[in-house]
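A.B. asks: The structure's right below; bear with me while I get my questions together.
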Amino acid sequence: MKIYRFVVVLCLFFLSCDQKTKVEKEVEEIPVNIKVERFDKVFFETKPQDLAKVKKQYPFFFPEGNDDSVWLQKMQEPIWREVYEEVQKKYANFEPVQEEFDDLFKHVKYYFPKTKTPKVITVIGEMDYNAKAIYADSLVIVALELYLGRDHKFYEFPKYLKYNFEEKQIMPDVVSSFTYRNIPAYQDKNLISQMIFEGKQLYAKDLLLPKYTDAEKIGYTPEQIKWCEENESYMWRYFLENEMLYSLDPKLTTRFINPAPFSKFYLEIDNDSPGRVGAWIGWQIVRSYMKNNNVSLSELLKINPKEVFEKSKYKPKK
């Protein structure tokens, strides 16, 4: 009997591997060639007297109401010139990142066939960590000054934020922006709905970024992933016992969903916990839902969070 079970498990294992290989082979055959425009170089290498030409070529980067003096100052200000030089050192050769974009959008085209292949434009923004990578219709805009490496001298940010100022986070950030635009807004603002919302965009990374680790997808350290796995059952019990899942308390978003140095259980475990554990549990719920329901990724993003939760059959690992 044991031998029979072993053979069945082995067959299922190879079947899943073959299926995964089949998908990846189909993905590889999709013709995608991402065009990258280095606006950061164009802007900082343009002579002040030629600013009008740049504005004409990239009007969306020059909103009305700002005097040319604003842009001329940025072009010539020493601190921004230094930022530009550091970006060029790091990304003198952008081909490795472009290859990552090609691979990502092959997966996007596979799972979302109607999606237009975007043009990627790199910029040097204003150090706004809320706008590191933006997917907007046919454009992907990447602020390279926020991907210089977590220990870069320019960064005067909290550790939990600058931990993800790495080149390896460009693709996960792009996928987050892409999926946020493709997940409908629902009226339910309770905690479980927010968890499912975050879980959907993290699950999208499972399929769109299959070579990435869970830690890279959510922006955790490997140790933080391990902590969540070891404490999954405890966290879930905490949410249930404190009747938080259907609560509309906005403080729960800050405590368990938003980026933070740690999650706020108001217990001793806070010191060891990563931020966003509600998003991580939402991810596990969505993974459970997808195991138990035959729907596509594009369909998943549109399904009501309540339905996802009820049909997930989620049980935390003990």
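Residues in the structure tokens are named by chain (A, B, ... in the order shown) and by number from 1 within that chain; ligands are numbered from 1 in the order shown.
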Could you list, as number ranges by chain, every residue within 9 Å of Gln194 of chain A, counting only C-alpha atoms and ignoring same-chain residues fewer than 2 positions away?

C.D. replies: A: 188-192, 196-199, 253, 257, 278-279, 282, 305

A.B. asks: Atoms to include: C-alpha atoms. Write the selected residues as an mmCIF file, in the first residue's frame.

C.D. replies:
data_model
loop_
_atom_site.group_PDB
_atom_site.id
_atom_site.type_symbol
_atom_site.label_atom_id
_atom_site.label_comp_id
_atom_site.auth_asym_id
_atom_site.auth_seq_id
_atom_site.Cartn_x
_atom_site.Cartn_y
_atom_site.Cartn_z
ATOM 1 C CA ASP A 188 -16.314 46.057 1.204
ATOM 2 C CA LYS A 189 -13.523 47.755 3.142
ATOM 3 C CA ASN A 190 -13.249 45.217 5.940
ATOM 4 C CA LEU A 191 -9.946 43.589 6.823
ATOM 5 C CA ILE A 192 -10.521 40.293 5.024
ATOM 6 C CA ILE A 196 -7.714 39.257 -0.360
ATOM 7 C CA PHE A 197 -6.988 42.341 -2.473
ATOM 8 C CA GLU A 198 -3.319 42.215 -1.494
ATOM 9 C CA GLY A 199 -3.286 38.445 -1.819
ATOM 10 C CA THR A 253 -4.987 48.626 7.636
ATOM 11 C CA ILE A 257 -1.685 45.757 5.519
ATOM 12 C CA GLY A 278 -2.304 40.596 6.648
ATOM 13 C CA ALA A 279 -1.201 40.785 3.016
ATOM 14 C CA GLY A 282 -4.288 37.054 2.124
ATOM 15 C CA PRO A 305 -13.148 39.020 -2.175
#

A.B. asks: When you look at Ala215 of chain A with a cut-off of 12 Å (counting only C-alpha atoms), what residues show up, excluding the ones that are within fewer than 2 positions of it in the same chain? I need them as a list in words.

C.D. replies: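 Contacts, with the query itself left out: Tyr163, Asn164, Lys168, Gln169, Pro172, Leu202, Lys205, Asp206, Lys211, Tyr212, Thr213, Lys217, Ile218, Gly219, Tyr220, Thr221, Pro222, Glu223, Gln224, Ile225, Lys226, Trp227, Cys228, Glu229, Pro274 and Trp280 of chain A.
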
A.B. asks: Taking the chain letters and numbering used in this document, name the residues of segment 27-243 of chain A that DSSP puts in alpha helix (DSSP H), as a ChimeraX atom specification.

C.D. replies: /A:27-28,39-44,51-57,68-76,78-90,95-111,159-162,170-182,191-208,214-218,222-241

A.B. asks: Grab the atom CA of Leu252 of chain A to atom CA of Val174 of chain A distance for me, in Å with one decimal place.

C.D. replies: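 Those two atoms sit 25.9 Å apart.
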
A.B. asks: Could the residues of segment 140-227 of chain A that have an atom at most 12 Å from segment 21-44 of chain A be listed as a Markdown table, each with its closest atom pair and the distance in Å to one decimal, counting only C-alpha atoms and ordered by chain and ascending residue number?

C.D. replies:
| residue | atom | partner | partner_atom | distance |
| --- | --- | --- | --- | --- |
| A:Val140 | CA | A:Val36 | CA | 9.3 |
| A:Ile141 | CA | A:Phe39 | CA | 9.7 |
| A:Val142 | CA | A:Arg38 | CA | 9.8 |
| A:Ala143 | CA | A:Asp40 | CA | 8.8 |
| A:Leu144 | CA | A:Asp40 | CA | 8.4 |
| A:Glu145 | CA | A:Asp40 | CA | 9.7 |
| A:Leu207 | CA | A:Glu24 | CA | 10.1 |
| A:Leu208 | CA | A:Val27 | CA | 10.2 |
| A:Leu209 | CA | A:Glu24 | CA | 11.2 |
| A:Pro210 | CA | A:Glu24 | CA | 9.3 |
| A:Lys211 | CA | A:Glu24 | CA | 10.8 |

A.B. asks: Create the file for the chosen residues now, containing N, CA, C and O atoms and written as a tab-separated table (two decimals), in the first residue's frame.

C.D. replies:
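And here's again-v6.tsv as it stands now:
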chain	number	residue	atom	x	y	z
A	140	VAL	N	5.44	51.93	-18.96
A	140	VAL	CA	5.95	51.57	-17.64
A	140	VAL	C	7.05	52.58	-17.31
A	140	VAL	O	8.00	52.73	-18.07
A	141	ILE	N	6.89	53.28	-16.20
A	141	ILE	CA	7.85	54.31	-15.81
A	141	ILE	C	8.58	53.84	-14.56
A	141	ILE	O	7.97	53.50	-13.56
A	142	VAL	N	9.90	53.78	-14.66
A	142	VAL	CA	10.74	53.28	-13.56
A	142	VAL	C	11.66	54.39	-13.07
A	142	VAL	O	12.45	54.94	-13.85
A	143	ALA	N	11.54	54.72	-11.79
A	143	ALA	CA	12.38	55.76	-11.18
A	143	ALA	C	13.67	55.12	-10.67
A	143	ALA	O	13.72	54.57	-9.57
A	144	LEU	N	14.71	55.18	-11.46
A	144	LEU	CA	15.94	54.44	-11.17
A	144	LEU	C	16.67	54.93	-9.92
A	144	LEU	O	17.46	54.18	-9.35
A	145	GLU	N	16.41	56.16	-9.50
A	145	GLU	CA	17.10	56.65	-8.29
A	145	GLU	C	16.69	55.89	-7.04
A	145	GLU	O	17.35	55.98	-6.00
A	207	LEU	N	2.64	33.69	-10.77
A	207	LEU	CA	2.55	33.27	-12.17
A	207	LEU	C	3.36	34.14	-13.11
A	207	LEU	O	3.94	33.64	-14.08
A	208	LEU	N	3.42	35.43	-12.83
A	208	LEU	CA	4.13	36.34	-13.73
A	208	LEU	C	5.62	36.40	-13.47
A	208	LEU	O	6.40	36.76	-14.35
A	209	LEU	N	6.02	36.05	-12.24
A	209	LEU	CA	7.45	36.05	-11.87
A	209	LEU	C	7.82	34.70	-11.25
A	209	LEU	O	8.22	34.63	-10.08
A	210	PRO	N	7.70	33.62	-12.02
A	210	PRO	CA	7.90	32.28	-11.45
A	210	PRO	C	9.32	32.01	-10.96
A	210	PRO	O	9.53	31.09	-10.16
A	211	LYS	N	10.30	32.78	-11.42
A	211	LYS	CA	11.68	32.55	-11.01
A	211	LYS	C	12.03	33.28	-9.71
A	211	LYS	O	13.13	33.12	-9.18

A.B. asks: Looking only at strand (DSSP E or B) from DSSP on the backbone, list the matching residues of segment 93-310 of chain A as JSON, numbers by chain.

C.D. replies: {"A": [119, 120, 121, 122, 123, 133, 134, 135, 136, 139, 140, 141, 142, 143]}

A.B. asks: For segment 77-87 of chain A, list every protein, DNA or RNA residue within 12 Å, evaluated using only C-alpha atoms, and leave out those in the same chain fewer than 4 positions away; present the list as JSON, numbers by chain.

C.D. replies: {"A": [38, 39, 40, 41, 42, 43, 44, 45, 69, 70, 71, 72, 73, 91, 92, 93, 94, 122, 123, 124, 125, 126, 127, 143, 144, 145, 146, 147, 148, 149, 152, 153, 154, 155, 167]}

A.B. asks: Write out as a list in words the residues lying within 8 Å of segment 232-237 of chain A, counting only C-alpha atoms and excluding same-chain residues fewer than 6 positions away.

C.D. replies: Ile281, Pro316, Lys317 and Lys318 of chain A

A.B. asks: Create the file for the chosen residues now, containing all heavy atoms and written as a CSV table (one decimal), in the first residue's frame.

C.D. replies:
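Dumped to part.csv:
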chain,number,residue,atom,x,y,z
A,281,ILE,N,-1.0,36.7,4.7
A,281,ILE,CA,-2.1,35.7,4.9
A,281,ILE,C,-3.1,35.7,3.8
A,281,ILE,O,-3.6,34.7,3.3
A,281,ILE,CB,-2.7,35.9,6.3
A,281,ILE,CG1,-1.8,35.5,7.4
A,281,ILE,CG2,-4.0,35.1,6.4
A,281,ILE,CD1,-2.3,35.6,8.8
A,316,PRO,N,-4.8,27.4,7.9
A,316,PRO,CA,-3.4,27.7,8.1
A,316,PRO,C,-2.6,26.4,8.5
A,316,PRO,O,-3.2,25.5,9.1
A,316,PRO,CB,-3.4,28.7,9.2
A,316,PRO,CG,-4.7,28.5,9.9
A,316,PRO,CD,-5.7,28.0,8.9
A,317,LYS,N,-1.4,26.4,8.0
A,317,LYS,CA,-0.5,25.3,8.4
A,317,LYS,C,-0.1,25.4,9.9
A,317,LYS,O,0.2,26.5,10.4
A,317,LYS,CB,0.8,25.3,7.5
A,317,LYS,CG,0.5,25.1,6.1
A,317,LYS,CD,1.7,25.3,5.2
A,317,LYS,CE,1.4,25.2,3.8
A,317,LYS,NZ,2.6,25.5,2.9
A,318,LYS,N,-0.2,24.3,10.5
A,318,LYS,CA,0.1,24.3,12.0
A,318,LYS,C,1.6,24.0,12.2
A,318,LYS,O,2.3,23.4,11.4
A,318,LYS,CB,-0.7,23.2,12.7
A,318,LYS,CG,-2.2,23.5,12.6
A,318,LYS,CD,-3.0,22.5,13.4
A,318,LYS,CE,-4.5,22.8,13.3
A,318,LYS,NZ,-5.3,21.8,14.1

A.B. asks: So, with only C-alpha atoms as the atoms that count, which of A:Tyr129, A:Tyr246, A:Tyr110, A:Phe262 lies closest to Lys306 of chain A?

C.D. replies: A:Tyr246
